[in-house]
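Asker: My file is final-v6.cif. It has mmCIF, C-alpha atoms and all ligand atoms:
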data_upload
#
loop_
_atom_site.group_PDB
_atom_site.id
_atom_site.type_symbol
_atom_site.label_atom_id
_atom_site.label_comp_id
_atom_site.auth_asym_id
_atom_site.auth_seq_id
_atom_site.Cartn_x
_atom_site.Cartn_y
_atom_site.Cartn_z
ATOM 1 C CA MET V 751 -3.296 -47.240 15.647
ATOM 2 C CA THR V 752 -2.810 -46.268 12.013
ATOM 3 C CA ILE V 753 -3.440 -42.877 10.514
ATOM 4 C CA TYR V 754 -2.854 -41.578 7.017
ATOM 5 C CA LEU V 755 -1.296 -38.203 6.312
ATOM 6 C CA ARG V 756 -2.035 -36.741 2.891
ATOM 7 C CA SER V 757 0.162 -33.857 1.862
ATOM 8 C CA GLY V 758 -0.329 -31.080 -0.637
ATOM 9 C CA GLY V 759 2.143 -28.941 -2.567
ATOM 10 C CA LYS V 760 5.678 -28.577 -1.303
ATOM 11 C CA LEU V 761 4.796 -30.432 1.883
ATOM 12 C CA ARG V 762 5.187 -33.695 -0.023
ATOM 13 C CA ASP V 763 8.952 -33.149 0.047
ATOM 14 C CA GLN V 764 8.805 -33.179 3.844
ATOM 15 C CA LEU V 765 6.242 -35.903 4.389
ATOM 16 C CA LYS V 766 7.762 -38.531 2.106
ATOM 17 C CA PRO V 767 4.568 -40.328 0.980
ATOM 18 C CA ASP V 768 4.656 -44.145 0.870
ATOM 19 C CA VAL V 769 1.066 -45.342 0.309
ATOM 20 C CA ASP V 770 0.716 -43.405 -2.941
ATOM 21 C CA GLU V 771 2.144 -40.193 -4.363
ATOM 22 C CA TYR V 772 0.486 -38.111 -1.660
ATOM 23 C CA THR V 773 -0.168 -40.259 1.377
ATOM 24 C CA ARG V 774 2.001 -41.583 4.182
ATOM 25 C CA ARG V 775 0.877 -44.316 6.522
ATOM 26 C CA VAL V 776 1.884 -43.634 10.113
ATOM 27 C CA GLU V 777 1.657 -45.912 13.160
ATOM 28 C CA VAL V 778 1.018 -43.926 16.337
ATOM 29 C CA ASP V 779 0.650 -44.941 19.949
ATOM 30 C CA GLY V 780 -2.803 -43.414 20.213
ATOM 31 C CA ASP V 781 -4.131 -40.315 21.911
ATOM 32 C CA LEU V 782 -1.494 -38.114 20.303
ATOM 33 C CA THR V 783 -2.235 -34.689 18.879
ATOM 34 C CA LEU V 784 -1.377 -33.775 15.318
ATOM 35 C CA LYS V 785 1.325 -31.525 16.682
ATOM 36 C CA GLU V 786 2.888 -34.428 18.598
ATOM 37 C CA ILE V 787 2.650 -36.727 15.591
ATOM 38 C CA LEU V 788 4.284 -34.193 13.261
ATOM 39 C CA THR V 789 7.018 -33.534 15.806
ATOM 40 C CA THR V 790 7.676 -37.289 16.139
ATOM 41 C CA LEU V 791 7.977 -37.529 12.353
ATOM 42 C CA GLY V 792 10.456 -34.650 12.307
ATOM 43 C CA ILE V 793 8.208 -32.403 10.220
ATOM 44 C CA PRO V 794 8.716 -28.752 11.221
ATOM 45 C CA LEU V 795 5.394 -27.219 12.246
ATOM 46 C CA ALA V 796 6.239 -24.137 10.196
ATOM 47 C CA PHE V 797 5.775 -26.263 7.081
ATOM 48 C CA VAL V 798 2.125 -27.041 7.895
ATOM 49 C CA ALA V 799 -0.379 -24.243 7.373
ATOM 50 C CA PHE V 800 -3.638 -26.190 7.322
ATOM 51 C CA ALA V 801 -4.788 -29.624 8.447
ATOM 52 C CA PHE V 802 -8.228 -30.940 7.639
ATOM 53 C CA THR V 803 -10.361 -34.053 7.809
ATOM 54 C CA ASP V 804 -14.064 -34.743 7.229
ATOM 55 C CA GLY V 805 -14.472 -31.339 5.603
ATOM 56 C CA MET V 806 -13.338 -29.463 8.723
ATOM 57 C CA LEU V 807 -10.222 -27.442 9.296
ATOM 58 C CA ARG V 808 -8.448 -28.809 12.410
ATOM 59 C CA ARG V 809 -6.030 -27.178 14.770
ATOM 60 C CA LEU V 810 -2.813 -28.941 15.668
ATOM 61 C CA ASP V 811 -4.230 -30.040 19.026
ATOM 62 C CA TYR V 812 -6.617 -32.325 17.119
ATOM 63 C CA LYS V 813 -6.315 -36.018 17.999
ATOM 64 C CA PRO V 814 -6.827 -38.261 14.960
ATOM 65 C CA SER V 815 -8.662 -41.547 15.379
ATOM 66 C CA ASP V 816 -7.671 -44.960 14.055
ATOM 67 C CA GLY V 817 -7.792 -45.195 10.270
ATOM 68 C CA GLU V 818 -8.385 -41.477 9.776
ATOM 69 C CA THR V 819 -6.855 -39.569 6.876
ATOM 70 C CA ILE V 820 -5.645 -36.045 7.628
ATOM 71 C CA THR V 821 -4.763 -33.720 4.769
ATOM 72 C CA LEU V 822 -1.907 -31.335 5.437
ATOM 73 C CA GLN V 823 -1.284 -28.220 3.383
ATOM 74 C CA PRO V 824 1.821 -26.026 3.235
ATOM 75 C CA PRO V 825 1.921 -22.317 3.987
ATOM 76 C CA VAL V 826 1.450 -20.266 0.853
ATOM 77 C CA SER V 827 1.543 -16.506 0.766
ATOM 78 C CA GLY V 828 2.280 -15.592 -2.830
ATOM 79 C CA GLY V 829 0.062 -13.556 -5.062
ATOM 80 C CA MET A 1002 -28.412 -14.219 -16.013
ATOM 81 C CA PRO A 1003 -30.856 -14.906 -13.142
ATOM 82 C CA GLY A 1004 -30.623 -12.270 -10.444
ATOM 83 C CA TRP A 1005 -28.195 -10.025 -12.308
ATOM 84 C CA GLY A 1006 -30.126 -7.905 -14.834
ATOM 85 C CA GLN A 1007 -30.309 -4.133 -14.821
ATOM 86 C CA LYS A 1008 -30.522 -4.007 -11.040
ATOM 87 C CA GLY A 1009 -27.393 -6.094 -10.571
ATOM 88 C CA GLN A 1010 -25.529 -4.013 -13.121
ATOM 89 C CA GLU A 1011 -26.560 -0.824 -11.332
ATOM 90 C CA ARG A 1012 -25.365 -2.257 -8.041
ATOM 91 C CA LEU A 1013 -21.990 -2.973 -9.582
ATOM 92 C CA ALA A 1014 -21.831 0.482 -11.126
ATOM 93 C CA GLY A 1015 -22.381 1.983 -7.684
ATOM 94 C CA ALA A 1016 -19.851 -0.281 -5.957
ATOM 95 C CA ARG A 1017 -16.330 0.460 -4.852
ATOM 96 C CA VAL A 1018 -13.688 -2.252 -4.605
ATOM 97 C CA PHE A 1019 -10.254 -1.949 -3.030
ATOM 98 C CA LEU A 1020 -7.742 -4.146 -4.835
ATOM 99 C CA ALA A 1021 -4.817 -4.749 -2.482
ATOM 100 C CA GLY A 1022 -1.998 -5.730 -4.808
ATOM 101 C CA VAL A 1023 -1.917 -6.036 -8.578
ATOM 102 C CA GLY A 1024 0.341 -9.031 -8.998
ATOM 103 C CA GLY A 1025 -0.804 -12.420 -10.248
ATOM 104 C CA LEU A 1026 -4.005 -12.437 -8.200
ATOM 105 C CA GLY A 1027 -4.793 -8.762 -8.682
ATOM 106 C CA CYS A 1028 -4.327 -8.745 -12.455
ATOM 107 C CA ALA A 1029 -6.871 -11.541 -12.872
ATOM 108 C CA ALA A 1030 -9.330 -10.210 -10.304
ATOM 109 C CA GLY A 1031 -9.005 -6.670 -11.652
ATOM 110 C CA VAL A 1032 -9.782 -7.642 -15.234
ATOM 111 C CA TYR A 1033 -12.960 -9.505 -14.297
ATOM 112 C CA LEU A 1034 -14.170 -6.760 -11.981
ATOM 113 C CA ALA A 1035 -13.475 -4.028 -14.517
ATOM 114 C CA THR A 1036 -15.156 -5.855 -17.383
ATOM 115 C CA ALA A 1037 -18.123 -6.699 -15.141
ATOM 116 C CA GLY A 1038 -18.638 -2.984 -14.601
ATOM 117 C CA VAL A 1039 -17.617 -2.353 -10.994
ATOM 118 C CA GLY A 1040 -17.991 1.412 -10.886
ATOM 119 C CA ARG A 1041 -14.956 2.306 -8.862
ATOM 120 C CA MET A 1042 -11.760 0.405 -8.219
ATOM 121 C CA ASP A 1043 -8.884 1.562 -6.055
ATOM 122 C CA VAL A 1044 -5.769 -0.289 -7.150
ATOM 123 C CA CYS A 1045 -2.989 -0.309 -4.569
ATOM 124 C CA ASP A 1046 0.549 -1.620 -5.044
ATOM 125 C CA ALA A 1047 3.865 -0.051 -4.087
ATOM 126 C CA ASP A 1048 5.937 -2.248 -6.395
ATOM 127 C CA ALA A 1049 7.303 -1.726 -9.864
ATOM 128 C CA VAL A 1050 7.086 -4.374 -12.581
ATOM 129 C CA GLU A 1051 9.945 -6.861 -12.629
ATOM 130 C CA ARG A 1052 10.784 -9.152 -15.527
ATOM 131 C CA SER A 1053 10.101 -12.228 -13.345
ATOM 132 C CA ASN A 1054 6.489 -11.037 -12.859
ATOM 133 C CA LEU A 1055 5.569 -11.303 -16.496
ATOM 134 C CA ASN A 1056 4.612 -14.991 -16.542
ATOM 135 C CA ARG A 1057 1.561 -14.251 -14.389
ATOM 136 C CA GLN A 1058 0.939 -10.505 -14.252
ATOM 137 C CA PHE A 1059 -0.607 -10.161 -17.663
ATOM 138 C CA LEU A 1060 -1.586 -6.495 -17.407
ATOM 139 C CA TYR A 1061 2.112 -5.687 -17.988
ATOM 140 C CA THR A 1062 4.512 -6.158 -20.887
ATOM 141 C CA PRO A 1063 8.325 -6.351 -21.092
ATOM 142 C CA ARG A 1064 8.353 -2.611 -21.895
ATOM 143 C CA ASP A 1065 6.783 -1.906 -18.474
ATOM 144 C CA VAL A 1066 9.682 -3.256 -16.391
ATOM 145 C CA GLY A 1067 10.581 -0.674 -13.744
ATOM 146 C CA ARG A 1068 7.265 1.206 -13.928
ATOM 147 C CA PRO A 1069 4.738 1.265 -11.035
ATOM 148 C CA LYS A 1070 2.237 -1.577 -11.238
ATOM 149 C CA ALA A 1071 -0.631 0.420 -9.759
ATOM 150 C CA GLU A 1072 -0.439 3.137 -12.419
ATOM 151 C CA LEU A 1073 -0.140 0.647 -15.256
ATOM 152 C CA ALA A 1074 -3.014 -1.432 -13.890
ATOM 153 C CA ARG A 1075 -5.165 1.680 -13.538
ATOM 154 C CA ASP A 1076 -4.597 2.651 -17.162
ATOM 155 C CA ARG A 1077 -5.191 -0.842 -18.537
ATOM 156 C CA LEU A 1078 -8.253 -1.624 -16.454
ATOM 157 C CA ALA A 1079 -9.771 1.741 -17.361
ATOM 158 C CA ALA A 1080 -9.043 1.011 -21.028
ATOM 159 C CA LEU A 1081 -10.896 -2.294 -20.751
ATOM 160 C CA ASN A 1082 -13.973 -0.466 -19.498
ATOM 161 C CA PRO A 1083 -13.962 3.320 -20.039
ATOM 162 C CA SER A 1084 -17.232 3.691 -18.118
ATOM 163 C CA ILE A 1085 -15.629 2.852 -14.754
ATOM 164 C CA GLU A 1086 -13.336 4.887 -12.536
ATOM 165 C CA VAL A 1087 -9.987 3.402 -11.516
ATOM 166 C CA SER A 1088 -7.560 5.112 -9.151
ATOM 167 C CA ALA A 1089 -3.919 4.145 -8.569
ATOM 168 C CA LEU A 1090 -2.333 4.121 -5.130
ATOM 169 C CA VAL A 1091 1.440 3.617 -5.280
ATOM 170 C CA THR A 1092 1.905 3.049 -1.589
ATOM 171 C CA GLU A 1093 2.698 0.369 0.983
ATOM 172 C CA ILE A 1094 -0.137 -1.211 2.924
ATOM 173 C CA ASP A 1095 0.623 -1.519 6.635
ATOM 174 C CA HIS A 1096 -1.093 -1.073 9.984
ATOM 175 C CA ALA A 1097 -0.727 2.715 9.736
ATOM 176 C CA THR A 1098 -1.904 3.174 6.156
ATOM 177 C CA ALA A 1099 -4.493 0.413 5.691
ATOM 178 C CA PRO A 1100 -7.462 2.043 7.502
ATOM 179 C CA GLU A 1101 -7.317 5.188 5.367
ATOM 180 C CA LEU A 1102 -6.609 3.278 2.154
ATOM 181 C CA ILE A 1103 -9.679 1.055 2.416
ATOM 182 C CA ALA A 1104 -12.041 3.769 3.682
ATOM 183 C CA GLY A 1105 -15.194 3.851 1.569
ATOM 184 C CA ALA A 1106 -14.685 0.438 -0.008
ATOM 185 C CA ASP A 1107 -17.625 -1.973 -0.177
ATOM 186 C CA ILE A 1108 -15.286 -4.949 -0.338
ATOM 187 C CA VAL A 1109 -11.525 -5.531 -0.202
ATOM 188 C CA LEU A 1110 -9.640 -8.097 -2.259
ATOM 189 C CA ASP A 1111 -6.500 -9.433 -0.632
ATOM 190 C CA CYS A 1112 -4.266 -9.968 -3.656
ATOM 191 C CA LEU A 1113 -1.099 -9.515 -1.608
ATOM 192 C CA ASP A 1114 2.090 -11.542 -1.606
ATOM 193 C CA ASN A 1115 3.020 -11.752 2.075
ATOM 194 C CA LEU A 1116 1.394 -12.581 5.401
ATOM 195 C CA GLU A 1117 2.445 -9.506 7.335
ATOM 196 C CA THR A 1118 0.634 -7.159 4.956
ATOM 197 C CA ARG A 1119 -2.368 -9.499 4.859
ATOM 198 C CA PHE A 1120 -2.667 -9.293 8.632
ATOM 199 C CA ALA A 1121 -2.551 -5.482 8.520
ATOM 200 C CA LEU A 1122 -5.277 -5.467 5.878
ATOM 201 C CA ASN A 1123 -7.312 -7.970 7.899
ATOM 202 C CA ARG A 1124 -7.212 -5.718 10.972
ATOM 203 C CA ALA A 1125 -8.282 -2.689 8.947
ATOM 204 C CA CYS A 1126 -11.163 -4.606 7.361
ATOM 205 C CA ILE A 1127 -12.365 -5.789 10.772
ATOM 206 C CA ALA A 1128 -12.276 -2.261 12.151
ATOM 207 C CA ALA A 1129 -14.161 -0.885 9.147
ATOM 208 C CA ARG A 1130 -16.560 -3.868 9.049
ATOM 209 C CA VAL A 1131 -15.702 -4.375 5.380
ATOM 210 C CA PRO A 1132 -15.524 -7.904 3.947
ATOM 211 C CA MET A 1133 -12.198 -9.162 2.646
ATOM 212 C CA VAL A 1134 -11.653 -11.896 0.103
ATOM 213 C CA TYR A 1135 -8.462 -13.732 1.034
ATOM 214 C CA ALA A 1136 -6.448 -15.647 -1.521
ATOM 215 C CA ALA A 1137 -2.884 -16.879 -1.665
ATOM 216 C CA ALA A 1138 -1.020 -18.946 -4.230
ATOM 217 C CA ALA A 1139 2.294 -20.680 -4.866
ATOM 218 C CA ASP A 1140 3.379 -23.398 -7.274
ATOM 219 C CA TRP A 1141 0.137 -25.323 -8.010
ATOM 220 C CA THR A 1142 -1.439 -24.569 -4.631
ATOM 221 C CA GLY A 1143 -4.002 -21.927 -3.751
ATOM 222 C CA TYR A 1144 -6.293 -20.934 -0.888
ATOM 223 C CA LEU A 1145 -9.368 -18.708 -0.796
ATOM 224 C CA SER A 1146 -11.967 -17.600 1.737
ATOM 225 C CA PHE A 1147 -14.553 -14.852 2.195
ATOM 226 C CA LEU A 1148 -13.955 -13.102 5.519
ATOM 227 C CA LYS A 1149 -16.542 -10.941 7.251
ATOM 228 C CA PRO A 1150 -16.317 -11.319 11.007
ATOM 229 C CA PRO A 1151 -18.264 -11.807 13.182
ATOM 230 C CA GLU A 1152 -20.352 -13.791 10.680
ATOM 231 C CA THR A 1153 -17.199 -15.623 9.541
ATOM 232 C CA PRO A 1154 -13.664 -16.110 10.872
ATOM 233 C CA CYS A 1155 -11.090 -13.437 10.151
ATOM 234 C CA LEU A 1156 -7.700 -14.238 8.653
ATOM 235 C CA GLU A 1157 -5.988 -14.482 12.039
ATOM 236 C CA CYS A 1158 -8.554 -17.049 13.225
ATOM 237 C CA PHE A 1159 -7.010 -19.723 11.014
ATOM 238 C CA VAL A 1160 -3.812 -18.429 9.398
ATOM 239 C CA THR A 1161 -1.174 -18.337 12.095
ATOM 240 C CA ARG A 1162 2.004 -19.902 10.790
ATOM 241 C CA THR A 1163 4.936 -18.119 9.297
ATOM 242 C CA PRO A 1164 5.655 -19.242 5.744
ATOM 243 C CA PRO A 1165 9.024 -20.798 4.933
ATOM 244 C CA PRO A 1166 11.427 -18.063 3.856
ATOM 245 C CA VAL A 1167 11.563 -19.176 0.233
ATOM 246 C CA GLU A 1168 8.333 -19.368 -1.758
ATOM 247 C CA PRO A 1169 8.318 -21.849 -4.639
ATOM 248 C CA ALA A 1170 8.001 -20.678 -8.224
ATOM 249 C CA ILE A 1171 4.521 -19.835 -9.398
ATOM 250 C CA PRO A 1172 3.033 -20.577 -12.811
ATOM 251 C CA GLY A 1173 0.635 -17.865 -13.932
ATOM 252 C CA CYS A 1174 -2.395 -20.127 -14.050
ATOM 253 C CA THR A 1175 -2.412 -20.647 -10.257
ATOM 254 C CA PRO A 1176 -2.892 -17.024 -9.158
ATOM 255 C CA GLY A 1177 -4.973 -16.495 -12.295
ATOM 256 C CA THR A 1178 -7.443 -19.140 -11.121
ATOM 257 C CA LEU A 1179 -7.558 -17.778 -7.579
ATOM 258 C CA GLY A 1180 -7.813 -14.165 -8.748
ATOM 259 C CA ALA A 1181 -10.764 -15.053 -10.983
ATOM 260 C CA LEU A 1182 -12.439 -16.725 -8.003
ATOM 261 C CA GLN A 1183 -11.814 -13.615 -5.890
ATOM 262 C CA ALA A 1184 -13.602 -11.561 -8.534
ATOM 263 C CA MET A 1185 -16.448 -14.084 -8.468
ATOM 264 C CA GLU A 1186 -16.744 -13.700 -4.687
ATOM 265 C CA ALA A 1187 -16.841 -9.915 -4.990
ATOM 266 C CA LEU A 1188 -19.411 -9.970 -7.796
ATOM 267 C CA LYS A 1189 -21.675 -12.359 -5.858
ATOM 268 C CA TYR A 1190 -21.415 -10.245 -2.734
ATOM 269 C CA LEU A 1191 -22.049 -6.972 -4.556
ATOM 270 C CA THR A 1192 -24.999 -8.250 -6.594
ATOM 271 C CA GLY A 1193 -26.438 -10.470 -3.853
ATOM 272 C CA ILE A 1194 -26.374 -13.506 -6.140
ATOM 273 C CA GLY A 1195 -25.530 -16.985 -4.847
ATOM 274 C CA ASN A 1196 -23.381 -17.753 -1.827
ATOM 275 C CA VAL A 1197 -19.847 -16.706 -0.980
ATOM 276 C CA PHE A 1198 -17.110 -18.804 0.666
ATOM 277 C CA ALA A 1199 -18.170 -17.592 4.115
ATOM 278 C CA GLY A 1200 -16.855 -19.848 6.882
ATOM 279 C CA LYS A 1201 -15.258 -21.995 4.209
ATOM 280 C CA LEU A 1202 -11.733 -22.366 2.929
ATOM 281 C CA LEU A 1203 -11.097 -23.458 -0.645
ATOM 282 C CA VAL A 1204 -7.942 -25.544 -0.893
ATOM 283 C CA MET A 1205 -6.713 -26.040 -4.435
ATOM 284 C CA ASP A 1206 -3.975 -28.549 -5.154
ATOM 285 C CA GLY A 1207 -3.713 -28.210 -8.892
ATOM 286 C CA ALA A 1208 -0.927 -30.765 -9.175
ATOM 287 C CA GLU A 1209 -2.880 -33.775 -7.898
ATOM 288 C CA PRO A 1210 -5.411 -32.287 -8.984
ATOM 289 C CA ARG A 1211 -7.831 -31.781 -6.113
ATOM 290 C CA PHE A 1212 -10.165 -29.076 -4.827
ATOM 291 C CA ASP A 1213 -11.392 -29.256 -1.222
ATOM 292 C CA VAL A 1214 -13.832 -26.954 0.534
ATOM 293 C CA VAL A 1215 -13.437 -27.162 4.306
ATOM 294 C CA ALA A 1216 -15.396 -25.507 7.085
ATOM 295 C CA VAL A 1217 -13.491 -22.928 9.117
ATOM 296 C CA ASP A 1218 -14.612 -21.752 12.548
ATOM 297 C CA ARG A 1219 -13.845 -18.537 14.348
ATOM 298 C CA ASP A 1220 -11.122 -18.761 16.960
ATOM 299 C CA PRO A 1221 -12.710 -17.616 20.257
ATOM 300 C CA SER A 1222 -9.297 -16.363 21.376
ATOM 301 C CA CYS A 1223 -8.434 -14.597 18.097
ATOM 302 C CA ALA A 1224 -6.451 -11.461 18.870
ATOM 303 C CA ALA A 1225 -7.997 -9.668 15.910
ATOM 304 C CA CYS A 1226 -11.723 -10.431 15.993
ATOM 305 C CA SER A 1227 -12.759 -12.245 19.184
ATOM 306 C CA LYS A 1228 -14.244 -9.048 20.650
ATOM 307 C CA LEU A 1229 -16.769 -8.841 17.808
ATOM 308 C CA LYS A 1230 -20.050 -10.409 18.795
ATOM 309 C CA ALA A 1231 -22.136 -12.348 16.282
ATOM 310 C CA LYS A 1232 -25.543 -10.799 15.610
HETATM 311 ZN ZN ZN V 1301 -10.290 -13.710 13.998
#
Translate this structure into structure tokens?
Answerer:
Amino acid sequence: MTIYLRSGGKLRDQLKPDVDEYTRRVEVDGDLTLKEILTTLGIPLAFVAFAFTDGMLRRLDYKPSDGETITLQPPVSGG
Amino acid sequence: MPGWGQKGQERLAGARVFLAGVGGLGCAAGVYLATAGVGRMDVCDADAVERSNLNRQFLYTPRDVGRPKAELARDRLAALNPSIEVSALVTEIDHATAPELIAGADIVLDCLDNLETRFALNRACIAARVPMVYAAAADWTGYLSFLKPPETPCLECFVTRTPPPVEPAIPGCTPGTLGALQAMEALKYLTGIGNVFAGKLLVMDGAEPRFDVVAVDRDPSCAACSKLKAK
């Protein structure tokens, strides 16, 4: 199945968008968690603070469905 | 303004806000709280002004480099509104000091610059049952949420990762925006006007630009707040 990973901030350097400036299209074998997908893509989990879709924050055990877009945000702690 | 009036102003005059950090977030939040007439503000920061702060920490000038931020912020916020009381606390916030520092506050603003201190403040706010307005910022990115468990998640319910060791540069407008929103959350909570970001996380990506508001649930296994039962 196909999912789309949108990335914010510095995470774009890691995610290497290809659909547009922010989004990467990813083919996955199905039934994988976000954590497994990110690991397969070689994106260190420490670089992902938040993941959300459909207006809900998701944990990394979330399993995206076909065609879904997940937004990933980097950790930020400055003030 | 609907709902504010004399009563709202009196509520603010009788309120006490703990401002944890007077960097980029705290300078902006502090100015809007002081000028709104929050009666008492406790301004806490152990750091001294550095030249690299000056692009975003607009309560300070080049002549202030090396001087304690909390004392400078106290003087400048009090000058903006002489009818309020501002105290300076030049001290570190940690698990040992946080409970005493926030005692008596009606609301706490997390204007800090690192996760470890945020978690200490979060624990103290949970123990004291005081709401905390979380915000964090770097480059063009910012996050904000109103935390008051058990009605909402606490910080540890949804912020668990360790940031990369190097934070990107930060233009002043990013923490300025988030700090202003923190003040807005505090003013709404203190006056009872409108709705706060309870159970919601604001995600600002100023570069794209894009603002998302996403629902955030409590973590039933949260080490910090799971023992608190919802009313
Ligand atoms: Zn929690």
Asker: As a check of understanding, name the residues that the PyMOL selection byres ((chain A) within 7 of (chain V and not hetatm)) selects in the supplied structure, as a PyMOL selection string.
Answerer: chain A and resi 1024-1026+1112-1116+1137-1139+1141-1142+1162-1165+1176+1206+1214-1217
Asker: For the file shown, report as a list of chain:residue names the outcome of the PyMOL selection byres (((chain V and resi 784-789) around 8) and not hetatm) at residue level.
Answerer: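 Those residues are V:Val778, V:Leu782, V:Thr783, V:Thr790, V:Leu791, V:Gly792, V:Ile793, V:Pro794, V:Leu795, V:Leu810, V:Asp811, V:Tyr812, V:Lys813, V:Pro814.
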Asker: For the residues in the current selection, export C-alpha atoms as a PDB file, in the coordinates of the input.
Answerer:
ATOM      1  CA  VAL V 778       1.018 -43.926  16.337  1.00  0.00           C
ATOM      2  CA  LEU V 782      -1.494 -38.114  20.303  1.00  0.00           C
ATOM      3  CA  THR V 783      -2.235 -34.689  18.879  1.00  0.00           C
ATOM      4  CA  THR V 790       7.676 -37.289  16.139  1.00  0.00           C
ATOM      5  CA  LEU V 791       7.977 -37.529  12.353  1.00  0.00           C
ATOM      6  CA  GLY V 792      10.456 -34.650  12.307  1.00  0.00           C
ATOM      7  CA  ILE V 793       8.208 -32.403  10.220  1.00  0.00           C
ATOM      8  CA  PRO V 794       8.716 -28.752  11.221  1.00  0.00           C
ATOM      9  CA  LEU V 795       5.394 -27.219  12.246  1.00  0.00           C
ATOM     10  CA  LEU V 810      -2.813 -28.941  15.668  1.00  0.00           C
ATOM     11  CA  ASP V 811      -4.230 -30.040  19.026  1.00  0.00           C
ATOM     12  CA  TYR V 812      -6.617 -32.325  17.119  1.00  0.00           C
ATOM     13  CA  LYS V 813      -6.315 -36.018  17.999  1.00  0.00           C
ATOM     14  CA  PRO V 814      -6.827 -38.261  14.960  1.00  0.00           C
TER      15      PRO V 814
END
Asker: What's the separation between CA of Ala1199 in chain A and CA of Thr1036 in chain A, in Å to one decimal place?
Answerer: 24.7 Å
Asker: For chain A versus ligand ZN 1301 (chain V), which residues have an atom no more than 7 Å away, and what is each residue's nearest atom pair and distance in Å rounded to one decimal, using only C-alpha atoms and all ligand atoms, chain-then-number order, as a Markdown table?
Answerer:
| residue | atom | partner | partner_atom | distance |
| --- | --- | --- | --- | --- |
| A:Pro1154 | CA | V:ZN1301 | ZN | 5.2 |
| A:Cys1155 | CA | V:ZN1301 | ZN | 3.9 |
| A:Leu1156 | CA | V:ZN1301 | ZN | 6.0 |
| A:Glu1157 | CA | V:ZN1301 | ZN | 4.8 |
| A:Cys1158 | CA | V:ZN1301 | ZN | 3.8 |
| A:Arg1219 | CA | V:ZN1301 | ZN | 6.0 |
| A:Asp1220 | CA | V:ZN1301 | ZN | 5.9 |
| A:Cys1223 | CA | V:ZN1301 | ZN | 4.6 |
| A:Ala1224 | CA | V:ZN1301 | ZN | 6.6 |
| A:Ala1225 | CA | V:ZN1301 | ZN | 5.0 |
| A:Cys1226 | CA | V:ZN1301 | ZN | 4.1 |
| A:Ser1227 | CA | V:ZN1301 | ZN | 5.9 |
Asker: Which one is closest to Leu1229 in chain A: A:Ile1127, A:Val1160, A:Gly1067, A:Val1197? Count all atoms listed in the file.
Answerer: A:Ile1127
Asker: Convert the output of the PyMOL selection byres (((chain A and resi 1014) around 6) and not hetatm) on the shown file into explicit residues, formatted as a PyMOL selection string.
Answerer: chain A and resi 1011-1013+1015-1016+1038-1040
Asker: Hey, can I get the axis-aligned box for range 1134-1140 of chain A? All listed atoms, 6 Å padding on each side, centre and edge lengths in Å to one decimal, as JSON.
Answerer:
{"center_x": -4.1, "center_y": -17.6, "center_z": -3.1, "size_x": 27.0, "size_y": 23.5, "size_z": 20.3}
Asker: Measure the distance from CA of Asp1213 in chain A to CA of Ile1171 in chain A in Å and round it to one decimal.
Answerer: 20.2 Å
Asker: Between CA of Ala1089 in chain A and CA of Gly1105 in chain A, measure the distance and give it in Å to one decimal.
Answerer: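 Atom-to-atom, CA of Ala1089 in chain A and CA of Gly1105 in chain A are spaced 15.2 Å apart.
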Asker: Select, from A:Gly1143, A:Pro1069, A:Asn1196, A:Gly1022, the residue with the minimum atom-to-atom distance to Arg1211 in chain A, counting only C-alpha atoms.
Answerer: A:Gly1143
Asker: At a cut-off of 9 Å, using only C-alpha atoms, what residues contact Met751 in chain V? Leave out same-chain residues fewer than 4 positions from it and give the result as a list of chain:residue names.
Answerer: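 Within the cut-off, the hits are V:Val776, V:Glu777, V:Val778, V:Asp779, V:Gly780, V:Ser815, V:Asp816, V:Gly817.
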Asker: Pick the closest to Arg1077 in chain A from A:Gly1207, A:Leu1060, A:Asp1065, A:Asn1054: which is it, counting all atoms listed in the file?
Answerer: A:Leu1060
